[in-house]
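One file, entry.txt, is given below (compact mmCIF, C-alpha atoms and all ligand atoms).
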```
# COMPACT_ATOMS: atom_id res chain seq x y z
CA MET A 1 -94.18 33.88 -39.94
CA ARG A 2 -90.37 33.50 -39.79
CA MET A 3 -87.77 35.49 -41.74
CA TYR A 4 -85.79 32.27 -42.19
CA ASP A 5 -88.64 30.72 -44.22
CA ILE A 6 -89.02 33.86 -46.38
CA ILE A 7 -85.30 33.85 -47.21
CA LEU A 8 -85.41 30.13 -48.05
CA LYS A 9 -88.51 30.53 -50.24
CA LYS A 10 -86.89 33.34 -52.25
CA ARG A 11 -83.56 31.52 -52.40
CA ARG A 12 -85.41 28.58 -54.01
CA GLY A 13 -86.97 30.95 -56.56
CA PHE A 14 -90.61 30.96 -55.40
CA GLU A 15 -92.91 33.97 -55.50
CA LEU A 16 -93.50 35.63 -52.12
CA THR A 17 -96.92 36.73 -50.92
CA ARG A 18 -97.71 40.36 -50.10
CA GLU A 19 -97.94 39.40 -46.41
CA GLU A 20 -94.43 37.92 -46.47
CA ILE A 21 -93.00 41.03 -48.12
CA GLU A 22 -94.77 43.32 -45.64
CA PHE A 23 -93.52 41.13 -42.76
CA PHE A 24 -89.96 41.69 -43.98
CA ILE A 25 -90.30 45.48 -44.47
CA HIS A 26 -92.14 46.09 -41.17
CA GLY A 27 -89.75 43.85 -39.26
CA TYR A 28 -86.62 45.30 -40.79
CA THR A 29 -87.73 48.94 -40.37
CA ALA A 30 -88.59 48.25 -36.72
CA ALA A 31 -85.18 46.55 -36.23
CA ASP A 32 -86.89 43.25 -35.31
CA ILE A 33 -85.20 41.57 -38.28
CA PRO A 34 -81.40 41.79 -38.07
CA ASP A 35 -79.10 43.04 -40.82
CA TYR A 36 -77.69 39.57 -41.46
CA GLN A 37 -81.10 38.16 -42.37
CA ALA A 38 -81.96 41.22 -44.47
CA ALA A 39 -78.61 40.85 -46.25
CA ALA A 40 -79.32 37.19 -47.02
CA PHE A 41 -82.76 38.16 -48.32
CA LEU A 42 -81.31 40.88 -50.57
CA MET A 43 -78.79 38.43 -52.02
CA ALA A 44 -81.58 35.91 -52.69
CA VAL A 45 -83.49 38.68 -54.52
CA PHE A 46 -80.34 39.63 -56.39
CA PHE A 47 -80.02 36.13 -57.84
CA GLN A 48 -83.68 35.07 -58.12
CA GLY A 49 -85.25 38.43 -59.00
CA LEU A 50 -88.80 39.52 -58.16
CA THR A 51 -91.96 39.30 -60.25
CA PRO A 52 -93.65 42.61 -61.16
CA ARG A 53 -96.28 41.88 -58.51
CA GLU A 54 -93.67 41.19 -55.81
CA THR A 55 -91.76 44.34 -56.83
CA ALA A 56 -94.94 46.44 -56.55
CA ASP A 57 -95.76 44.94 -53.13
CA LEU A 58 -92.21 45.61 -51.93
CA THR A 59 -92.45 49.20 -53.20
CA LEU A 60 -95.80 49.88 -51.50
CA ALA A 61 -94.63 48.35 -48.21
CA MET A 62 -91.51 50.53 -48.34
CA ALA A 63 -93.51 53.66 -49.26
CA ALA A 64 -95.73 53.09 -46.21
CA SER A 65 -92.76 52.74 -43.83
CA GLY A 66 -92.58 56.47 -42.97
CA ASP A 67 -94.02 59.90 -43.79
CA GLN A 68 -96.22 60.20 -46.89
CA ALA A 69 -96.87 63.62 -48.41
CA ASP A 70 -100.51 64.63 -48.62
CA LEU A 71 -100.98 66.89 -51.65
CA SER A 72 -104.78 66.62 -51.69
CA ALA A 73 -105.10 70.32 -50.77
CA VAL A 74 -103.44 71.25 -54.09
CA PRO A 75 -106.10 71.29 -56.83
CA GLY A 76 -105.61 69.28 -60.01
CA ARG A 77 -103.48 66.29 -60.91
CA LYS A 78 -100.01 66.53 -59.46
CA VAL A 79 -97.26 65.11 -61.66
CA ASP A 80 -93.89 64.28 -60.17
CA LYS A 81 -90.65 63.82 -62.08
CA HIS A 82 -87.57 61.80 -61.27
CA SER A 83 -84.19 61.36 -62.90
CA THR A 84 -82.05 58.34 -62.10
CA GLY A 85 -79.15 60.77 -61.93
CA GLY A 86 -76.41 61.97 -64.16
CA VAL A 87 -73.76 64.64 -64.57
CA GLY A 88 -74.90 68.22 -65.20
CA ASP A 89 -78.54 67.16 -64.88
CA LYS A 90 -80.31 70.37 -63.91
CA THR A 91 -83.62 69.47 -65.60
CA THR A 92 -85.63 69.80 -62.37
CA LEU A 93 -84.52 73.44 -62.00
CA VAL A 94 -85.97 74.15 -65.44
CA LEU A 95 -88.96 71.81 -65.43
CA VAL A 96 -90.56 72.81 -62.15
CA PRO A 97 -91.13 76.48 -63.08
CA LEU A 98 -91.72 75.63 -66.75
CA VAL A 99 -94.52 73.13 -66.08
CA ALA A 100 -95.96 75.39 -63.36
CA ALA A 101 -96.04 78.26 -65.87
CA ALA A 102 -98.33 76.05 -67.99
CA GLY A 103 -100.80 75.98 -65.07
CA VAL A 104 -99.87 72.52 -63.75
CA PRO A 105 -98.88 72.70 -60.06
CA VAL A 106 -95.55 71.05 -59.22
CA ALA A 107 -94.77 69.96 -55.65
CA LYS A 108 -91.30 68.49 -55.81
CA MET A 109 -89.19 66.76 -53.19
CA SER A 110 -85.57 66.44 -54.20
CA GLY A 111 -82.38 64.97 -52.86
CA ARG A 112 -78.79 66.00 -52.29
CA GLY A 113 -75.84 64.94 -54.42
CA LEU A 114 -73.44 62.12 -53.64
CA GLY A 115 -70.33 61.02 -55.54
CA HIS A 116 -70.14 62.13 -59.15
CA THR A 117 -73.84 63.08 -59.43
CA GLY A 118 -75.29 66.33 -58.15
CA GLY A 119 -78.53 66.96 -56.25
CA THR A 120 -81.23 69.55 -56.98
CA VAL A 121 -81.43 70.67 -53.35
CA ASP A 122 -77.71 71.53 -53.28
CA LYS A 123 -78.05 73.43 -56.54
CA LEU A 124 -80.96 75.52 -55.26
CA GLU A 125 -79.09 76.27 -52.04
CA SER A 126 -76.54 78.15 -54.11
CA VAL A 127 -79.18 80.88 -54.50
CA PRO A 128 -78.53 83.21 -51.52
CA GLY A 129 -81.23 82.74 -48.86
CA PHE A 130 -83.05 79.86 -50.59
CA LYS A 131 -84.75 77.58 -48.02
CA VAL A 132 -85.33 73.91 -48.84
CA ASP A 133 -86.75 72.90 -45.44
CA LEU A 134 -90.38 74.01 -45.63
CA SER A 135 -92.92 72.46 -43.25
CA PRO A 136 -95.48 70.22 -45.01
CA ASP A 137 -98.13 72.95 -44.56
CA ASP A 138 -95.88 75.70 -45.98
CA PHE A 139 -94.91 73.41 -48.87
CA VAL A 140 -98.54 72.87 -49.85
CA ALA A 141 -99.41 76.56 -49.26
CA GLN A 142 -96.60 77.65 -51.59
CA VAL A 143 -97.68 75.24 -54.33
CA ARG A 144 -101.23 76.60 -54.04
CA ALA A 145 -100.03 80.21 -54.15
CA VAL A 146 -97.17 80.08 -56.66
CA GLY A 147 -97.77 76.76 -58.45
CA ALA A 148 -94.27 75.47 -57.71
CA ALA A 149 -92.06 74.46 -54.78
CA VAL A 150 -88.95 72.32 -54.41
CA VAL A 151 -88.06 71.05 -50.93
CA ALA A 152 -85.60 68.57 -49.42
CA GLN A 153 -86.99 65.12 -48.80
CA SER A 154 -88.34 64.79 -45.27
CA GLY A 155 -85.94 62.91 -42.99
CA ASN A 156 -88.55 60.21 -42.40
CA LEU A 157 -89.51 59.62 -46.04
CA VAL A 158 -89.24 55.87 -46.70
CA PRO A 159 -87.00 54.90 -43.76
CA ALA A 160 -87.09 51.30 -45.05
CA ASP A 161 -85.22 52.47 -48.16
CA LYS A 162 -82.61 54.35 -46.13
CA LYS A 163 -81.79 51.20 -44.14
CA LEU A 164 -81.97 48.87 -47.12
CA TYR A 165 -79.93 51.13 -49.38
CA ALA A 166 -77.15 51.36 -46.80
CA LEU A 167 -77.19 47.58 -46.46
CA ARG A 168 -77.18 47.05 -50.25
CA ASP A 169 -74.20 49.37 -50.47
CA VAL A 170 -72.08 47.05 -48.31
CA THR A 171 -73.43 43.71 -49.53
CA ALA A 172 -72.91 44.11 -53.30
CA THR A 173 -76.67 44.15 -53.96
CA VAL A 174 -77.16 47.70 -55.27
CA ASP A 175 -77.29 46.82 -58.97
CA SER A 176 -80.41 44.67 -58.90
CA ILE A 177 -83.18 46.00 -61.17
CA PRO A 178 -86.13 45.16 -58.84
CA LEU A 179 -84.26 46.62 -55.85
CA ILE A 180 -83.39 49.84 -57.70
CA ALA A 181 -86.91 50.11 -59.13
CA SER A 182 -88.59 49.62 -55.73
CA SER A 183 -86.15 52.03 -54.05
CA VAL A 184 -86.85 54.83 -56.54
CA MET A 185 -90.59 54.26 -56.83
CA SER A 186 -91.19 53.93 -53.07
CA LYS A 187 -89.89 57.51 -52.68
CA LYS A 188 -92.00 58.76 -55.60
CA ILE A 189 -95.14 57.13 -54.22
CA ALA A 190 -94.51 58.50 -50.72
CA ALA A 191 -93.97 61.95 -52.28
CA GLY A 192 -97.67 62.01 -53.14
CA GLY A 193 -97.87 62.71 -56.90
CA ASP A 194 -100.81 61.33 -58.89
CA ALA A 195 -98.60 60.60 -61.88
CA ILE A 196 -94.87 60.20 -62.43
CA VAL A 197 -92.52 60.98 -65.34
CA LEU A 198 -89.20 59.16 -65.10
CA ASP A 199 -85.97 60.06 -66.84
CA VAL A 200 -83.92 56.86 -66.90
CA LYS A 201 -80.37 57.64 -67.92
CA ALA A 202 -78.16 55.31 -69.94
CA GLY A 203 -74.46 55.76 -70.55
CA SER A 204 -71.05 56.51 -69.08
CA GLY A 205 -72.31 58.91 -66.41
CA ALA A 206 -75.36 56.89 -65.40
CA PHE A 207 -76.28 54.11 -63.03
CA MET A 208 -77.28 52.00 -66.04
CA ARG A 209 -74.36 51.88 -68.46
CA SER A 210 -76.21 50.16 -71.31
CA ALA A 211 -79.41 51.26 -73.01
CA GLU A 212 -80.71 47.69 -72.65
CA ASP A 213 -80.41 47.80 -68.83
CA ALA A 214 -81.95 51.28 -68.77
CA PHE A 215 -84.98 50.03 -70.73
CA THR A 216 -85.34 47.05 -68.36
CA LEU A 217 -85.24 49.39 -65.35
CA ALA A 218 -87.71 51.76 -67.01
CA ARG A 219 -90.12 48.88 -67.69
CA ALA A 220 -89.86 47.69 -64.07
CA MET A 221 -90.62 51.18 -62.71
CA VAL A 222 -93.51 51.80 -65.11
CA ASP A 223 -95.01 48.43 -64.10
CA ILE A 224 -94.76 49.37 -60.43
CA GLY A 225 -96.48 52.69 -61.12
CA ARG A 226 -99.31 50.96 -62.95
CA LEU A 227 -99.80 48.33 -60.21
CA ALA A 228 -99.70 51.10 -57.58
CA GLY A 229 -102.36 53.17 -59.38
CA ARG A 230 -100.02 55.99 -60.52
CA ASP A 231 -99.83 56.77 -64.22
CA THR A 232 -96.13 56.45 -65.02
CA VAL A 233 -94.15 57.13 -68.18
CA ALA A 234 -90.39 56.71 -68.53
CA LEU A 235 -88.06 58.30 -71.05
CA VAL A 236 -84.76 56.51 -71.55
CA THR A 237 -82.21 59.21 -72.31
CA GLY A 238 -78.51 59.34 -73.11
CA MET A 239 -75.95 60.20 -70.45
CA ASP A 240 -72.87 59.48 -72.55
CA GLN A 241 -71.71 63.04 -71.97
CA PRO A 242 -72.72 65.63 -69.35
CA LEU A 243 -76.08 67.32 -69.95
CA GLY A 244 -75.69 70.93 -71.02
CA ARG A 245 -72.34 72.61 -70.48
CA SER A 246 -72.15 73.29 -66.74
CA VAL A 247 -71.39 70.93 -63.88
CA GLY A 248 -71.43 72.37 -60.34
CA ASN A 249 -74.15 73.94 -58.25
CA ALA A 250 -74.24 77.71 -58.91
CA LEU A 251 -73.00 77.13 -62.47
CA GLU A 252 -75.95 74.82 -63.09
CA VAL A 253 -78.43 77.33 -61.64
CA ARG A 254 -76.99 79.89 -64.04
CA GLU A 255 -77.46 77.49 -66.95
CA ALA A 256 -81.03 76.73 -65.82
CA ILE A 257 -81.77 80.49 -65.81
CA ASP A 258 -80.31 80.75 -69.32
CA THR A 259 -82.49 77.85 -70.45
CA LEU A 260 -85.63 79.37 -68.92
CA ALA A 261 -84.71 82.59 -70.73
CA GLY A 262 -84.64 80.66 -74.02
CA ARG A 263 -80.86 80.76 -74.51
CA GLY A 264 -79.78 77.48 -72.89
CA PRO A 265 -77.88 74.59 -74.46
CA ALA A 266 -79.84 72.65 -77.08
CA ASP A 267 -79.63 69.24 -75.37
CA LEU A 268 -80.93 70.56 -72.04
CA LYS A 269 -83.78 72.40 -73.74
CA GLU A 270 -84.69 69.32 -75.81
CA LEU A 271 -84.79 67.09 -72.73
CA CYS A 272 -86.83 69.55 -70.67
CA LEU A 273 -89.38 69.93 -73.46
CA ALA A 274 -89.62 66.14 -73.91
CA LEU A 275 -90.08 65.45 -70.17
CA GLY A 276 -92.33 68.47 -69.71
CA GLY A 277 -94.55 67.43 -72.64
CA GLN A 278 -95.11 64.08 -70.90
CA MET A 279 -95.86 65.85 -67.60
CA LEU A 280 -98.47 68.09 -69.20
CA THR A 281 -100.10 65.11 -70.89
CA LEU A 282 -100.32 63.11 -67.65
CA ALA A 283 -101.74 66.18 -65.90
CA GLY A 284 -104.44 66.45 -68.56
CA ALA A 285 -103.15 69.85 -69.70
CA ALA A 286 -102.08 68.73 -73.19
CA PRO A 287 -103.62 66.23 -75.62
CA THR A 288 -100.27 64.70 -76.62
CA PRO A 289 -96.65 64.99 -75.40
CA GLU A 290 -95.75 66.78 -78.66
CA ALA A 291 -98.50 69.36 -78.12
CA GLY A 292 -97.34 69.76 -74.51
CA SER A 293 -93.75 70.35 -75.64
CA GLY A 294 -95.03 73.03 -78.04
CA GLN A 295 -96.92 74.80 -75.22
CA LEU A 296 -93.80 74.76 -73.06
CA ALA A 297 -91.54 76.07 -75.85
CA ALA A 298 -93.83 79.10 -76.06
CA LEU A 299 -93.47 79.70 -72.30
CA LEU A 300 -89.68 79.65 -72.63
CA ALA A 301 -89.86 82.11 -75.50
CA ASP A 302 -92.18 84.65 -73.88
CA GLY A 303 -90.51 84.83 -70.45
CA ARG A 304 -93.34 83.31 -68.41
CA ALA A 305 -91.28 80.26 -67.37
CA LEU A 306 -88.45 82.48 -66.16
CA ALA A 307 -90.93 84.69 -64.27
CA LYS A 308 -92.26 81.58 -62.51
CA PHE A 309 -88.74 80.65 -61.40
CA ARG A 310 -88.30 84.16 -60.00
CA ASP A 311 -91.57 83.81 -58.07
CA MET A 312 -90.59 80.41 -56.71
CA ILE A 313 -87.17 81.65 -55.57
CA ALA A 314 -88.74 84.66 -53.82
CA ALA A 315 -91.39 82.48 -52.14
CA GLN A 316 -88.67 80.22 -50.70
CA GLY A 317 -86.66 83.11 -49.27
CA GLY A 318 -84.09 83.25 -52.06
CA ASP A 319 -82.76 86.40 -53.71
CA PRO A 320 -84.86 86.75 -56.91
CA ARG A 321 -82.37 89.26 -58.33
CA VAL A 322 -80.18 86.30 -59.39
CA ILE A 323 -82.54 85.87 -62.35
CA ASP A 324 -81.48 89.17 -63.95
CA GLU A 325 -78.09 89.43 -62.26
CA PRO A 326 -76.66 85.89 -62.12
CA ASP A 327 -73.34 87.30 -60.86
CA ARG A 328 -75.09 87.45 -57.48
CA LEU A 329 -74.71 83.64 -57.37
CA PRO A 330 -71.55 82.38 -55.63
CA ARG A 331 -68.50 82.73 -57.88
CA ALA A 332 -65.18 80.93 -57.64
CA ALA A 333 -61.93 82.83 -57.08
CA ARG A 334 -60.09 81.40 -60.10
CA GLN A 335 -60.79 80.07 -63.54
CA GLU A 336 -58.41 77.59 -65.17
CA THR A 337 -58.80 76.42 -68.72
CA VAL A 338 -58.16 72.86 -69.85
CA PRO A 339 -56.61 72.86 -73.34
CA SER A 340 -57.01 70.12 -75.92
CA GLY A 341 -53.87 68.07 -76.54
CA ALA A 342 -54.87 67.34 -80.15
CA ALA A 343 -56.86 68.64 -83.10
CA GLY A 344 -59.89 66.78 -84.38
CA HIS A 345 -63.48 66.10 -83.40
CA VAL A 346 -64.70 65.35 -79.90
CA THR A 347 -65.89 61.75 -80.24
CA ALA A 348 -66.74 61.09 -76.57
CA ILE A 349 -66.77 62.77 -73.14
CA GLN A 350 -66.78 60.39 -70.18
CA ALA A 351 -69.52 61.95 -68.07
CA GLU A 352 -68.55 60.16 -64.87
CA ALA A 353 -64.96 61.43 -65.11
CA VAL A 354 -66.23 65.03 -65.47
CA GLY A 355 -68.54 64.51 -62.50
CA ARG A 356 -65.67 63.15 -60.41
CA ALA A 357 -63.45 66.08 -61.39
CA ALA A 358 -66.18 68.50 -60.27
CA MET A 359 -66.39 66.58 -56.99
CA LEU A 360 -62.60 66.92 -56.52
CA LEU A 361 -62.96 70.69 -56.92
CA GLY A 362 -65.54 70.65 -54.11
CA ALA A 363 -68.81 70.71 -56.09
CA GLY A 364 -69.84 67.27 -54.84
CA ARG A 365 -69.60 65.02 -51.80
CA ARG A 366 -67.37 62.00 -51.44
CA THR A 367 -69.29 61.04 -48.28
CA ARG A 368 -72.69 62.17 -47.03
CA GLU A 369 -70.97 64.33 -44.40
CA ASP A 370 -68.81 66.38 -46.83
CA ARG A 371 -69.57 70.10 -47.20
CA ILE A 372 -69.85 71.33 -50.75
CA ASP A 373 -68.65 74.55 -52.33
CA HIS A 374 -71.52 76.00 -54.35
CA ALA A 375 -69.30 78.24 -56.48
CA VAL A 376 -66.97 75.69 -58.05
CA GLY A 377 -67.36 73.36 -61.00
CA ILE A 378 -66.69 72.91 -64.68
CA VAL A 379 -67.98 74.57 -67.84
CA LEU A 380 -67.51 72.54 -71.01
CA HIS A 381 -66.73 74.52 -74.15
CA LYS A 382 -66.67 71.47 -76.39
CA LYS A 383 -69.26 68.73 -76.59
CA THR A 384 -69.42 65.53 -78.60
CA GLY A 385 -69.26 66.26 -82.33
CA ASP A 386 -67.53 69.65 -81.94
CA ARG A 387 -64.36 70.45 -83.87
CA VAL A 388 -61.35 71.38 -81.70
CA GLU A 389 -57.82 72.63 -82.47
CA ALA A 390 -54.76 71.64 -80.44
CA GLY A 391 -54.40 74.03 -77.50
CA GLU A 392 -57.97 75.28 -77.78
CA PRO A 393 -59.88 75.22 -74.45
CA LEU A 394 -62.01 72.13 -73.90
CA ALA A 395 -63.35 73.33 -70.58
CA THR A 396 -62.91 75.90 -67.80
CA LEU A 397 -62.51 74.83 -64.19
CA HIS A 398 -64.01 77.21 -61.61
CA VAL A 399 -61.75 76.80 -58.61
CA ASN A 400 -61.52 77.90 -54.98
CA ARG A 401 -59.21 75.33 -53.44
CA THR A 402 -56.17 74.15 -55.33
CA GLU A 403 -55.27 70.86 -53.56
CA GLU A 404 -56.74 68.61 -56.24
CA LEU A 405 -56.64 71.06 -59.14
CA ASP A 406 -54.07 69.10 -61.16
CA THR A 407 -55.94 65.83 -60.67
CA ALA A 408 -59.19 67.50 -61.72
CA ARG A 409 -57.54 69.08 -64.77
CA ARG A 410 -56.09 65.73 -65.85
CA ALA A 411 -59.43 64.03 -65.25
CA VAL A 412 -61.25 66.50 -67.52
CA GLN A 413 -58.59 66.26 -70.20
CA GLY A 414 -58.72 62.45 -69.95
CA ALA A 415 -62.51 62.49 -70.16
CA TYR A 416 -62.32 63.76 -73.73
CA THR A 417 -61.62 61.52 -76.71
CA ILE A 418 -60.50 63.46 -79.78
CA GLY A 419 -60.64 61.60 -83.08
CA ARG A 420 -60.26 62.31 -86.77
CA VAL A 421 -63.72 61.28 -87.84
CA LEU A 422 -66.90 63.12 -86.91
CA PRO A 423 -68.90 60.62 -84.79
CA ALA A 424 -72.49 59.65 -85.62
CA GLN A 425 -74.77 61.56 -83.23
CA SER A 426 -77.04 59.32 -81.17
CA PRO A 427 -80.42 60.79 -80.20
CA LEU A 428 -80.82 62.22 -76.70
CA VAL A 429 -84.17 60.52 -76.13
CA LEU A 430 -83.57 56.83 -76.81
CA GLY A 431 -87.14 55.73 -76.24
CA VAL A 432 -90.37 56.06 -74.26
CA VAL A 433 -91.75 53.33 -72.00
CA GLY A 434 -95.37 53.81 -71.01
N1 LIG B 1 -81.30 55.55 -56.69
C1 LIG B 1 -82.15 55.17 -55.71
O1 LIG B 1 -82.88 55.98 -55.16
N2 LIG B 1 -82.15 53.87 -55.35
C2 LIG B 1 -81.37 52.94 -55.92
O2 LIG B 1 -81.44 51.79 -55.55
C3 LIG B 1 -80.49 53.36 -56.93
C4 LIG B 1 -80.47 54.69 -57.30
```
Any chance you could give the structure as structure tokens?
Ligand code: URA
Amino acid sequence: MRMYDIILKKRRGFELTREEIEFFIHGYTAADIPDYQAAAFLMAVFFQGLTPRETADLTLAMAASGDQADLSAVPGRKVDKHSTGGVGDKTTLVLVPLVAAAGVPVAKMSGRGLGHTGGTVDKLESVPGFKVDLSPDDFVAQVRAVGAAVVAQSGNLVPADKKLYALRDVTATVDSIPLIASSVMSKKIAAGGDAIVLDVKAGSGAFMRSAEDAFTLARAMVDIGRLAGRDTVALVTGMDQPLGRSVGNALEVREAIDTLAGRGPADLKELCLALGGQMLTLAGAAPTPEAGSGQLAALLADGRALAKFRDMIAAQGGDPRVIDEPDRLPRAARQETVPSGAAGHVTAIQAEAVGRAAMLLGAGRRTREDRIDHAVGIVLHKKTGDRVEAGEPLATLHVNRTEELDTARRAVQGAYTIGRVLPAQSPLVLGVVG
């Protein structure tokens, strides 16, 4: 088999065999196939697309390119969850203990943040002492003992995706639906869950700007899950404004604690209950997603979800006192408010601009090597639909370094659109693909 022939076949729009796709992934991971041929292949895929079968074969070949988690020692059906990423998205921090409190074990591998989107692992590391690098045995042992664990992805999880993603980044082939779908799902499949709930974001802070593209991506990922033997359901959800009110690592942990204590922002609670209801259903612990959401709401109300988060933090070496005393989380030296320039209703908040402002303050990474400041970030006082007076605070910036403070302040102010007319509220959950 020759890579040249595979590139030509795809360039001409023909369907590749599983053997040809595996030849490419094995050869590229082993560095037998050079970057220039892989780049040509990616561009051919970009223009010609992949059939659902080809996409599933690509995903499985990628998933098998490195470590694969073995969760068989954890009893019951393990349900994983993935978000395509947004601003202020701390749902994993809430969902893992919440679903575990319902008796469904959650073994979660998460990533770090890059650019305007945050990462769960960074957020958890703002809890003093919290360890995200558990050995595979300790990870499984903790899930068996506590019902919940969140660890950093192993360095050798889907090496094919690491190489391909870096190449896509420099060859203008990132925004291809089959390539995104196979990239995401290869990591989910290697992470070992029996079933997967996906949160596919649509809007100004998301990878997919339009709902139509988000539904197409959701369909592609659900098809891969089905062909790979993993029950998969996707919710397409709005990311036209940040989720909840806090953006930044320790600030988001604080908001997750509030949500687990039943006093979090309504949109975050709604999303966690919707995703969690699907997780319980796929795990066989609820007859319908609606019934599952009801079970979870009760666990938020009676304190059991919060208690599970405390247990998980303690098991991973973190200081569990942050649950009752959140001031033990890192706190920034200064707080600066961002006033509204006009009176009216908030008609839009550009989520990406808020995410970038938080990154400028030090909450996120511009490059993979950047160090982040867990204490800093942004708390939004006004969300879409809220009434605001001129001079009233729109947001508070939590600041340690002042170099880019003015730029961040302008970015947050510019992220808000204030209009005269109250905007129509679009639903948070735009649809379910299953
Ligand atoms: N996230 C991923 O993991 N892969 C992509 O290709 C895009 C977003």
Query - Separation of atom CA of Val376 of chain A from atom CA of Pro320 of chain A in Å - result: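 Distance between the two atoms: 21.1 Å.
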Report task. Please write out the residues within 10 Å of ligand LIG 1 (chain B) as a ChimeraX atom specification, counting only C-alpha atoms and all ligand atoms. Result -> /A:82-85,111,161-162,164-166,168-169,173-188,206-208
Report task. Measuring atom to atom with all atoms listed in the file, identify which of A:Arg209, A:Lys383, A:Arg254, A:Arg371 is nearest to Gly238 of chain A. Result ->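 The shortest atom-to-atom distance to Gly238 of chain A comes from A:Arg209.
Atom CA of Arg368 of chain A is positioned 21.3 Å from atom CA of Ala351 of chain A.
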Report summary line: Shortest contact to Ile7 of chain A, candidates A:Thr407, A:Gln48, A:Thr92, A:Ser65, atoms counted all atoms listed in the file, goes to A:Gln48
Near Gly362 of chain A, within 9 Å and counting all atoms listed in the file, which residues show up once chain neighbours fewer than 5 positions away are dropped, as a PDB file with C-alpha atoms, in the coordinates of the input?
```
ATOM      1  CA  GLY A 248     -71.430  72.370 -60.340  1.00  0.00           C
ATOM      2  CA  ALA A 357     -63.450  66.080 -61.390  1.00  0.00           C
ATOM      3  CA  ARG A 371     -69.570  70.100 -47.200  1.00  0.00           C
ATOM      4  CA  ILE A 372     -69.850  71.330 -50.750  1.00  0.00           C
ATOM      5  CA  ASP A 373     -68.650  74.550 -52.330  1.00  0.00           C
ATOM      6  CA  HIS A 374     -71.520  76.000 -54.350  1.00  0.00           C
ATOM      7  CA  ALA A 375     -69.300  78.240 -56.480  1.00  0.00           C
ATOM      8  CA  VAL A 376     -66.970  75.690 -58.050  1.00  0.00           C
ATOM      9  CA  GLY A 377     -67.360  73.360 -61.000  1.00  0.00           C
ATOM     10  CA  VAL A 399     -61.750  76.800 -58.610  1.00  0.00           C
ATOM     11  CA  ASN A 400     -61.520  77.900 -54.980  1.00  0.00           C
ATOM     12  CA  ARG A 401     -59.210  75.330 -53.440  1.00  0.00           C
TER      13      ARG A 401
END
```
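Comparing the minimum interatomic distances between Leu280 of chain A and each of A:Pro265, A:Gly49, A:Gly103, A:Gly414, counting all atoms listed in the file, we find that A:Gly103 sits nearest.
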Report task. Tell me which protein, DNA and RNA residues are within 12 Å of Glu369 of chain A, counting all atoms listed in the file, leaving out same-chain ones fewer than 4 positions away, and put them as a PyMOL selection string. Result -> chain A and resi 112-115+364-365
Report summary line: Residue with the minimum atom-to-atom distance to Phe46 of chain A, picked from A:Gly317, A:Gly303, A:Gly13, A:Gly66 with only C-alpha atoms counted, is A:Gly13
Query raised in the report: Which residue out of A:Ala343, A:Ile25, A:Ala191, A:Leu273 has the minimum interatomic distance to Pro159 of chain A when only C-alpha atoms are used?
Result: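 Between A:Ala343, A:Ile25, A:Ala191, A:Leu273, the residue approaching Pro159 of chain A most closely is A:Ile25.
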Report summary line: Taken to one decimal, the atom CA of Cys272 of chain A-atom CA of Ser110 of chain A distance is 16.8 Å
Query raised in the report: Using only C-alpha atoms, which residues sit within 9 Å of Ser154 of chain A once same-chain residues fewer than 4 positions away are excluded, as a PyMOL selection string?
Result: chain A and resi 67+109+133+136
**Report entry** Distance criterion (only C-alpha atoms): nearest to Lys78 of chain A out of A:Thr281, A:Gln37, A:Gln153, A:Ser135
**Finding:** A:Thr281
Non-local contacts of Gly284 of chain A (12 Å; all atoms listed in the file; under 6 positions in same chain excluded) as an mmCIF file with C-alpha atoms, in the coordinates of the input:
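Output contents, as saved in around.cif:
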```cif
data_model
loop_
_atom_site.group_PDB
_atom_site.id
_atom_site.type_symbol
_atom_site.label_atom_id
_atom_site.label_comp_id
_atom_site.auth_asym_id
_atom_site.auth_seq_id
_atom_site.Cartn_x
_atom_site.Cartn_y
_atom_site.Cartn_z
ATOM 1 C CA GLY A 76 -105.610 69.280 -60.010
ATOM 2 C CA ARG A 77 -103.480 66.290 -60.910
ATOM 3 C CA LYS A 78 -100.010 66.530 -59.460
ATOM 4 C CA VAL A 79 -97.260 65.110 -61.660
ATOM 5 C CA ALA A 102 -98.330 76.050 -67.990
ATOM 6 C CA GLY A 103 -100.800 75.980 -65.070
ATOM 7 C CA VAL A 104 -99.870 72.520 -63.750
ATOM 8 C CA PRO A 105 -98.880 72.700 -60.060
ATOM 9 C CA ASP A 194 -100.810 61.330 -58.890
ATOM 10 C CA ALA A 195 -98.600 60.600 -61.880
ATOM 11 C CA ASP A 231 -99.830 56.770 -64.220
ATOM 12 C CA GLY A 277 -94.550 67.430 -72.640
ATOM 13 C CA GLN A 278 -95.110 64.080 -70.900
ATOM 14 C CA ALA A 291 -98.500 69.360 -78.120
ATOM 15 C CA GLY A 292 -97.340 69.760 -74.510
#
```
**Report entry** Within 9 Å of Ala261 of chain A using only C-alpha atoms, minus same-chain residues under 6 positions, as a list in words
**Finding:**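 Neighbouring residues, sequence-local ones excluded: Leu300, Ala301, Asp302, Gly303, Arg304, Ala305 and Leu306 of chain A.
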How big is the axis-aligned box, and where does its centre sit, when it encloses all atoms of segment 155-167 of chain A listed in the file and has 4 Å added on every side, reported in Å to one decimal as AutoDock Vina command-line options?
```
--center_x -83.3 --center_y 55.2 --center_z -45.9 --size_x 20.4 --size_y 23.3 --size_z 15.0
```
Query raised in the report: Do you know which residues lie at most 8 Å from (-93.9, 55.4, -44.9), with coordinates as in the file and all atoms listed in the file counted, and could you write them as a list in words?
Result: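 Within 8 Å of (-93.9, 55.4, -44.9), the protein and nucleic acid residues are Ala61, Met62, Ala63, Ala64, Ser65, Gly66, Asp67, Gln68, Asn156, Leu157, Val158, Pro159, Ala160 and Ala190 of chain A.
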